file start01.txt (compact mmCIF, C-alpha atoms)
# COMPACT_ATOMS: atom_id res chain seq x y z
CA MET A 1 26.68 218.93 23.87
CA ASN A 2 28.03 222.20 22.54
CA TYR A 3 27.59 223.79 25.98
CA LEU A 4 29.74 221.03 27.54
CA ALA A 5 32.44 221.66 24.92
CA ALA A 6 32.22 225.40 25.60
CA LEU A 7 32.66 224.71 29.32
CA PHE A 8 35.85 222.75 28.60
CA PHE A 9 37.16 225.55 26.33
CA VAL A 10 36.54 228.07 29.13
CA VAL A 11 38.33 225.82 31.64
CA GLY A 12 41.24 225.54 29.20
CA ILE A 13 41.49 229.31 28.78
CA PHE A 14 41.25 229.82 32.56
CA PHE A 15 44.16 227.46 33.22
CA ALA A 16 46.27 228.96 30.42
CA VAL A 17 45.83 232.45 31.91
CA THR A 18 46.49 231.16 35.45
CA GLY A 19 49.65 229.40 34.30
CA HIS A 20 51.02 232.57 32.74
CA ILE A 21 50.19 234.62 35.85
CA GLY A 22 52.09 232.02 37.90
CA LEU A 23 55.01 232.12 35.48
CA LEU A 24 55.35 235.87 36.06
CA ARG A 25 54.74 235.97 39.83
CA ALA A 26 56.30 232.79 41.27
CA PRO A 27 59.39 233.19 43.47
CA ASP A 28 61.95 230.83 41.90
CA PHE A 29 62.79 228.58 38.96
CA PHE A 30 61.05 225.41 40.14
CA THR A 31 57.80 227.10 41.15
CA ARG A 32 57.72 228.91 37.80
CA LEU A 33 58.17 225.58 36.07
CA GLN A 34 55.32 224.14 38.14
CA ALA A 35 53.02 226.99 37.13
CA SER A 36 53.90 226.74 33.44
CA SER A 37 53.50 222.95 33.40
CA THR A 38 50.06 223.36 34.97
CA CYS A 39 49.23 225.77 32.19
CA SER A 40 50.42 223.46 29.45
CA THR A 41 48.95 220.23 30.81
CA THR A 42 45.47 221.16 31.91
CA SER A 43 44.69 223.79 29.31
CA VAL A 44 45.80 221.66 26.36
CA LEU A 45 44.03 218.62 27.83
CA SER A 46 40.79 220.59 28.24
CA ILE A 47 40.92 221.92 24.70
CA LEU A 48 41.57 218.43 23.29
CA VAL A 49 38.68 217.00 25.36
CA ALA A 50 36.42 219.80 24.09
CA SER A 51 37.34 219.05 20.47
CA MET A 52 36.62 215.34 21.10
CA ILE A 53 33.17 216.27 22.45
CA ILE A 54 32.43 218.49 19.42
CA SER A 55 33.43 215.87 16.85
CA GLY A 56 31.27 213.18 18.48
CA LEU A 57 31.72 209.51 17.58
CA SER A 58 33.85 209.57 14.42
CA PRO A 59 37.33 208.50 13.24
CA PHE A 60 38.43 212.09 13.90
CA THR A 61 37.80 211.55 17.64
CA GLY A 62 40.13 208.55 17.59
CA ARG A 63 42.87 210.68 16.06
CA VAL A 64 42.37 213.41 18.67
CA ALA A 65 42.54 210.70 21.36
CA ALA A 66 45.84 209.50 19.88
CA ILE A 67 47.17 213.07 19.88
CA THR A 68 46.07 213.38 23.53
CA LEU A 69 47.97 210.20 24.35
CA PHE A 70 51.14 211.42 22.62
CA PHE A 71 50.78 214.76 24.40
CA ALA A 72 50.43 212.93 27.73
CA ILE A 73 53.73 211.17 26.98
CA SER A 74 55.75 214.07 25.55
CA SER A 75 54.68 216.91 27.87
CA PRO A 76 55.98 215.44 31.17
CA VAL A 77 59.20 214.32 29.47
CA SER A 78 60.05 217.85 28.37
CA THR A 79 59.17 219.27 31.81
CA HIS A 80 61.24 216.55 33.48
CA ILE A 81 64.28 217.27 31.28
CA ILE A 82 64.23 220.97 32.23
CA ALA A 83 63.70 220.21 35.94
CA ARG A 84 66.36 217.51 36.00
CA TYR A 85 68.94 219.79 34.38
CA ALA A 86 68.27 222.47 37.00
CA TRP A 87 68.45 219.89 39.80
CA GLU A 88 71.76 218.47 38.53
CA GLU A 89 73.15 222.00 38.17
CA GLY A 90 72.53 222.44 41.91
CA ILE A 91 69.92 225.19 41.84
CA VAL A 92 68.54 225.32 45.39
CA PRO A 93 64.71 225.25 45.47
CA TRP A 94 63.06 228.19 47.18
CA ARG A 95 61.41 227.55 50.56
CA ARG A 96 58.82 229.54 52.45
CA LEU A 97 60.24 231.05 55.63
CA LYS A 98 58.33 230.06 58.74
CA MET B 1 67.14 177.85 17.32
CA THR B 2 68.76 179.30 20.43
CA SER B 3 66.76 181.11 23.09
CA SER B 4 68.46 184.44 22.42
CA PHE B 5 67.50 184.19 18.75
CA LYS B 6 63.86 183.47 19.74
CA TRP B 7 63.89 186.48 22.07
CA THR B 8 65.28 188.71 19.29
CA LEU B 9 62.55 187.46 16.95
CA THR B 10 59.85 188.16 19.58
CA ARG B 11 61.15 191.68 20.08
CA ILE B 12 61.14 192.39 16.34
CA VAL B 13 57.58 191.06 15.95
CA LEU B 14 56.26 193.01 18.96
CA THR B 15 57.93 196.25 17.85
CA SER B 16 56.51 195.97 14.35
CA LEU B 17 53.03 195.18 15.75
CA TYR B 18 53.10 198.34 17.87
CA LEU B 19 54.29 200.38 14.87
CA PHE B 20 51.62 198.86 12.62
CA ALA B 21 48.90 199.70 15.16
CA GLY B 22 50.06 203.33 15.05
CA TRP B 23 50.03 203.27 11.23
CA MET B 24 46.46 201.90 11.17
CA LEU B 25 45.32 204.55 13.64
CA PHE B 26 46.59 207.43 11.53
CA THR B 27 45.83 206.22 8.02
CA GLY B 28 42.49 204.65 8.98
CA SER B 29 42.11 202.85 5.64
CA THR B 30 41.79 199.12 4.94
CA ASN B 31 43.11 199.48 1.38
CA LEU B 32 45.43 196.52 0.74
CA GLN B 33 48.22 198.59 -0.81
CA THR B 34 48.25 201.07 2.10
CA MET B 35 48.32 198.25 4.64
CA ALA B 36 51.14 196.48 2.80
CA THR B 37 53.21 199.66 2.74
CA GLY B 38 52.57 200.13 6.45
CA ALA B 39 53.52 196.56 7.27
CA ALA B 40 56.72 196.76 5.20
CA PHE B 41 57.86 200.00 6.82
CA SER B 42 56.86 198.75 10.30
CA LEU B 43 59.11 195.75 9.80
CA LEU B 44 61.94 197.89 8.40
CA ILE B 45 61.82 200.32 11.33
CA ALA B 46 61.43 197.44 13.82
CA LEU B 47 64.57 195.78 12.43
CA THR B 48 66.63 198.87 13.20
CA THR B 49 65.04 200.02 16.47
CA PHE B 50 63.91 196.89 18.37
CA LYS B 51 66.94 197.09 20.68
CA LEU B 52 65.86 200.52 21.88
CA PHE B 53 62.14 199.74 22.03
CA ILE B 54 62.38 196.55 24.12
CA ASP B 55 65.41 196.16 26.37
CA ASP B 56 67.41 192.97 26.18
CA ASP B 57 66.71 192.00 29.79
CA GLU B 58 62.96 192.80 29.90
CA ALA B 59 61.86 189.22 29.37
CA ALA B 60 58.76 189.10 31.56
CA ARG B 61 55.59 188.95 29.47
CA ARG B 62 53.61 191.50 31.44
CA THR B 63 56.21 194.23 30.97
CA LEU B 64 55.62 194.01 27.21
CA ILE B 65 51.85 193.60 27.00
CA PRO B 66 49.89 195.77 29.44
CA ARG B 67 46.52 194.60 30.76
CA LEU B 68 44.39 196.99 28.75
CA HIS B 69 41.26 197.21 30.93
CA TRP B 70 43.37 198.34 33.90
CA LEU B 71 45.21 200.78 31.62
CA VAL B 72 41.88 202.40 30.72
CA VAL B 73 40.97 202.65 34.43
CA TYR B 74 44.40 204.20 35.01
CA LEU B 75 43.90 206.83 32.27
CA PHE B 76 40.57 207.92 33.79
CA LEU B 77 42.15 208.11 37.25
CA LEU B 78 44.98 210.20 35.80
CA VAL B 79 42.60 212.67 34.14
CA TYR B 80 40.63 212.96 37.41
CA LYS B 81 43.81 213.60 39.41
CA VAL B 82 45.07 216.13 36.86
CA TYR B 83 41.88 218.19 37.13
CA LEU B 84 41.69 217.89 40.93
CA SER B 85 45.24 219.02 41.55
CA SER B 86 45.21 221.67 38.82
CA PHE B 87 42.39 223.48 40.65
CA GLN B 88 44.49 223.36 43.84
CA THR B 89 47.54 224.65 41.95
CA ALA B 90 45.48 227.39 40.28
CA LEU B 91 44.27 228.51 43.71
CA ALA B 92 47.86 228.60 44.98
CA VAL B 93 48.99 230.59 41.93
CA LEU B 94 46.17 233.12 42.24
CA ARG B 95 46.80 233.62 45.98
CA ASN B 96 50.59 233.63 45.33
CA ASP B 97 50.94 231.29 48.31
CA TYR B 98 53.41 228.44 47.81
CA ASN B 99 54.97 225.93 50.18
CA PRO B 100 57.38 223.95 47.98
CA ARG B 101 59.56 221.11 49.26
CA VAL B 102 61.73 218.45 47.66
CA VAL B 103 60.65 214.99 48.87
CA HIS B 104 62.31 211.60 48.34
CA PHE B 105 60.45 208.30 48.26
CA ARG B 106 60.59 204.82 46.77
CA THR B 107 58.27 203.04 44.40
CA ARG B 108 57.31 199.36 44.66
CA LEU B 109 56.99 198.91 40.89
CA ASN B 110 59.52 196.57 39.31
CA SER B 111 59.53 197.00 35.55
CA ASP B 112 61.26 199.93 33.84
CA ILE B 113 58.20 200.96 31.87
CA ALA B 114 55.93 201.05 34.94
CA ARG B 115 58.50 203.16 36.81
CA SER B 116 58.83 205.63 33.96
CA VAL B 117 55.03 205.79 33.61
CA VAL B 118 54.64 206.60 37.31
CA ALA B 119 57.38 209.26 37.04
CA GLY B 120 55.69 210.72 33.96
CA SER B 121 52.30 210.73 35.69
CA ILE B 122 53.73 212.55 38.70
CA THR B 123 55.15 215.20 36.35
CA LEU B 124 51.90 215.39 34.36
CA THR B 125 49.91 216.02 37.54
CA PRO B 126 50.10 219.75 38.27
CA GLY B 127 51.90 220.61 41.50
CA THR B 128 54.47 217.83 41.39
CA ILE B 129 57.55 217.42 39.16
CA THR B 130 59.85 214.40 39.13
CA LEU B 131 63.41 215.68 39.40
CA GLU B 132 65.18 212.36 39.31
CA LEU B 133 64.47 208.64 38.98
CA THR B 134 67.28 206.21 39.77
CA ASP B 135 66.19 202.57 40.04
CA ASP B 136 63.22 202.76 42.43
CA HIS B 137 64.15 206.06 44.07
CA LEU B 138 62.16 209.16 43.09
CA VAL B 139 63.04 212.78 43.88
CA VAL B 140 59.96 214.99 43.55
CA HIS B 141 59.49 218.75 43.76
CA TRP B 142 56.12 219.29 45.47
CA LEU B 143 54.44 222.68 45.23
CA GLN B 144 51.99 222.52 48.16
CA SER B 145 53.73 220.10 50.50
CA THR B 146 51.99 219.00 53.68
CA THR B 147 54.70 216.64 54.90
CA THR B 148 58.36 215.77 54.25
CA HIS B 149 58.10 212.26 55.68
CA SER B 150 59.13 209.88 52.91
CA ARG B 151 56.38 207.27 53.26
CA PHE B 152 53.47 209.68 53.80
CA ALA B 153 54.59 211.97 50.97
CA GLY B 154 54.86 208.92 48.69
CA ASN B 155 51.37 207.79 49.65
CA ILE B 156 49.86 211.19 48.95
CA ILE B 157 51.65 211.75 45.64
CA LYS B 158 51.65 208.34 44.01
CA GLY B 159 49.43 206.16 46.26
CA SER B 160 46.44 205.21 44.12
CA MET B 161 48.33 205.53 40.82
CA GLU B 162 50.93 202.99 41.93
CA ALA B 163 48.27 200.53 43.12
CA ILE B 164 46.63 200.46 39.68
CA LEU B 165 49.91 200.48 37.74
CA LYS B 166 50.93 197.39 39.69
CA LYS B 167 47.96 195.64 38.07
CA VAL B 168 48.74 196.97 34.58
CA TRP B 169 52.38 195.95 34.56
CA ILE B 170 54.23 194.05 37.29

call {"tool": "encode", "arguments": {"input": "start01.txt", "output": "structure tokens"}}
result
Amino acid sequence: MNYLAALFFVVGIFFAVTGHIGLLRAPDFFTRLQASSTCSTTSVLSILVASMIISGLSPFTGRVAAITLFFAISSPVSTHIIARYAWEEGIVPWRRLK
Amino acid sequence: MTSSFKWTLTRIVLTSLYLFAGWMLFTGSTNLQTMATGAAFSLLIALTTFKLFIDDDEAARRTLIPRLHWLVVYLFLLVYKVYLSSFQTALAVLRNDYNPRVVHFRTRLNSDIARSVVAGSITLTPGTITLELTDDHLVVHWLQSTTTHSRFAGNIIKGSMEAILKKVWI
């Protein structure tokens, strides 16, 4: 069981690092936002899943599940607010040249 | 008792039930005094916020009470899709190879809550961000786009999620 949790922690760290690399290297605002939202979503989700696996069947797991649910609601809302502001401001998304 | 008064009463009761469920989840005790405090504050908060929590014109029963077994199926599907597309996005980030496009499509969901859940799920899934949601029209920024055709893009991005959400809410 602990090995499964460790696997999820490693996946979480991998996505956090990848997200930050994307944040530094991506060409424009929207792609940077995509990279950073990947980082936040998947890495935090993996770490929460890993902590649920470690704690096993207990009331603590239920609380972590509730935190996961609140995170799943609040994280896209904050990303959407940033993206929507940029879209309304008229920032033109970058496109790959053919 | 007029119908609008009944509807107001239903909204207050439903809001306080949702709040009380949250209270029970976080305190986790069946002590009578704790539960009474929770119930009293749930009712107090419900009295002030029920207009925001449940809109005046959302009178269909299934927009208020989701079908829970389909909601559980939906959550598992969402986690699966998040992991699947985050590996694709991670590959794109590591290769520094993007093909972003802004695509427009419509959703067939009717209730406000189902529409906002589908918009939130699209944003939660790595590689897609909802830029705007007006009525049933979604504007989505797509990191690794394969098409700009409205219907095909909609099918790829929201296809299976929308089919299950239609069973959870209307």

call {"tool": "residues_around", "arguments": {"input": "start01.txt", "residues": "Ala6 of chain A", "least_positions_apart": "4", "cutoff": "8 Å", "atoms": "all atoms listed in the file", "output": "ChimeraX atom specification"}}
result
/A:2,10,50

call {"tool": "atom_distance", "arguments": {"input": "start01.txt", "atom1": "atom CA of Ser74 of chain A", "atom2": "atom CA of Ala163 of chain B"}}
result
23.4 Å

call {"tool": "closest_residue", "arguments": {"input": "start01.txt", "among": "B:Thr123, B:Thr8, B:Asn155, B:Thr107", "to": "Asp57 of chain B", "atoms": "all atoms listed in the file"}}
result
B:Thr8

call {"tool": "interface_residues", "arguments": {"input": "start01.txt", "of": "chain B", "to": "chain A", "cutoff": "8 Å", "atoms": "only C-alpha atoms", "output": "count of residues only"}}
result
30

call {"tool": "axis_aligned_box", "arguments": {"input": "start01.txt", "around": "segment 14-29 of chain B", "padding_each_side": "6 Å", "output": "AutoDock Vina command-line options"}}
result
--center_x 50.0 --center_y 200.2 --center_z 12.3 --size_x 27.8 --size_y 26.4 --size_z 25.3

call {"tool": "residues_around", "arguments": {"input": "start01.txt", "residues": "Thr68 of chain A", "least_positions_apart": "6", "cutoff": "9 Å", "atoms": "all atoms listed in the file", "output": "PyMOL selection string"}}
result
chain A and resi 44-45+48-49

call {"tool": "closest_residue", "arguments": {"input": "start01.txt", "among": "B:Gln144, B:Asn110, B:Thr134, B:Asn31", "to": "Ile156 of chain B", "atoms": "only C-alpha atoms"}}
result
B:Gln144

call {"tool": "residues_near_point", "arguments": {"input": "start01.txt", "point": "(55.2, 203.5, 38.8)", "cutoff": "8 Å", "atoms": "all atoms listed in the file", "output": "count of residues only"}}
result
15

call {"tool": "closest_residue", "arguments": {"input": "start01.txt", "among": "B:Ser145, B:Thr10, B:Met24, B:Thr37", "to": "Gln88 of chain B", "atoms": "only C-alpha atoms"}}
result
B:Ser145

call {"tool": "atom_distance", "arguments": {"input": "start01.txt", "atom1": "atom CA of Trp142 of chain B", "atom2": "atom CA of Ala16 of chain A"}}
result
20.4 Å

call {"tool": "atom_distance", "arguments": {"input": "start01.txt", "atom1": "atom CA of Leu57 of chain A", "atom2": "atom CA of Ile164 of chain B"}}
result
28.2 Å

call {"tool": "residues_around", "arguments": {"input": "start01.txt", "residues": "His149 of chain B", "least_positions_apart": "3", "cutoff": "10 Å", "atoms": "all atoms listed in the file", "output": "PyMOL selection string"}}
result
chain B and resi 103-105+146+152-154

call {"tool": "decode", "arguments": {"input": "start01.txt", "residues": "segment 111-139 of chain B", "atoms": "C-alpha atoms", "output": "JSON list (two decimals), in the first residue's frame"}}
result
[["chain", "number", "residue", "atom", "x", "y", "z"],
["B", 111, "SER", "CA", -29.79, 23.45, -16.10],
["B", 112, "ASP", "CA", -27.39, 26.15, -14.90],
["B", 113, "ILE", "CA", -25.59, 23.88, -12.47],
["B", 114, "ALA", "CA", -24.94, 21.17, -15.09],
["B", 115, "ARG", "CA", -23.58, 23.79, -17.50],
["B", 116, "SER", "CA", -21.25, 25.26, -14.90],
["B", 117, "VAL", "CA", -20.11, 21.76, -13.89],
["B", 118, "VAL", "CA", -19.26, 20.91, -17.50],
["B", 119, "ALA", "CA", -17.40, 24.23, -17.88],
["B", 120, "GLY", "CA", -15.53, 23.57, -14.64],
["B", 121, "SER", "CA", -14.66, 20.03, -15.73],
["B", 122, "ILE", "CA", -13.30, 21.28, -19.04],
["B", 123, "THR", "CA", -11.08, 23.74, -17.14],
["B", 124, "LEU", "CA", -10.04, 21.08, -14.62],
["B", 125, "THR", "CA", -8.95, 18.75, -17.42],
["B", 126, "PRO", "CA", -5.40, 19.74, -18.39],
["B", 127, "GLY", "CA", -5.06, 21.05, -21.93],
["B", 128, "THR", "CA", -8.41, 22.82, -22.12],
["B", 129, "ILE", "CA", -9.58, 26.05, -20.46],
["B", 130, "THR", "CA", -13.10, 27.47, -20.67],
["B", 131, "LEU", "CA", -12.78, 31.13, -21.64],
["B", 132, "GLU", "CA", -16.45, 31.99, -21.68],
["B", 133, "LEU", "CA", -19.86, 30.43, -21.02],
["B", 134, "THR", "CA", -22.94, 32.34, -22.16],
["B", 135, "ASP", "CA", -26.18, 30.33, -22.03],
["B", 136, "ASP", "CA", -25.24, 27.12, -23.85],
["B", 137, "HIS", "CA", -22.31, 28.52, -25.82],
["B", 138, "LEU", "CA", -18.79, 27.61, -24.68],
["B", 139, "VAL", "CA", -15.53, 29.21, -25.81]]
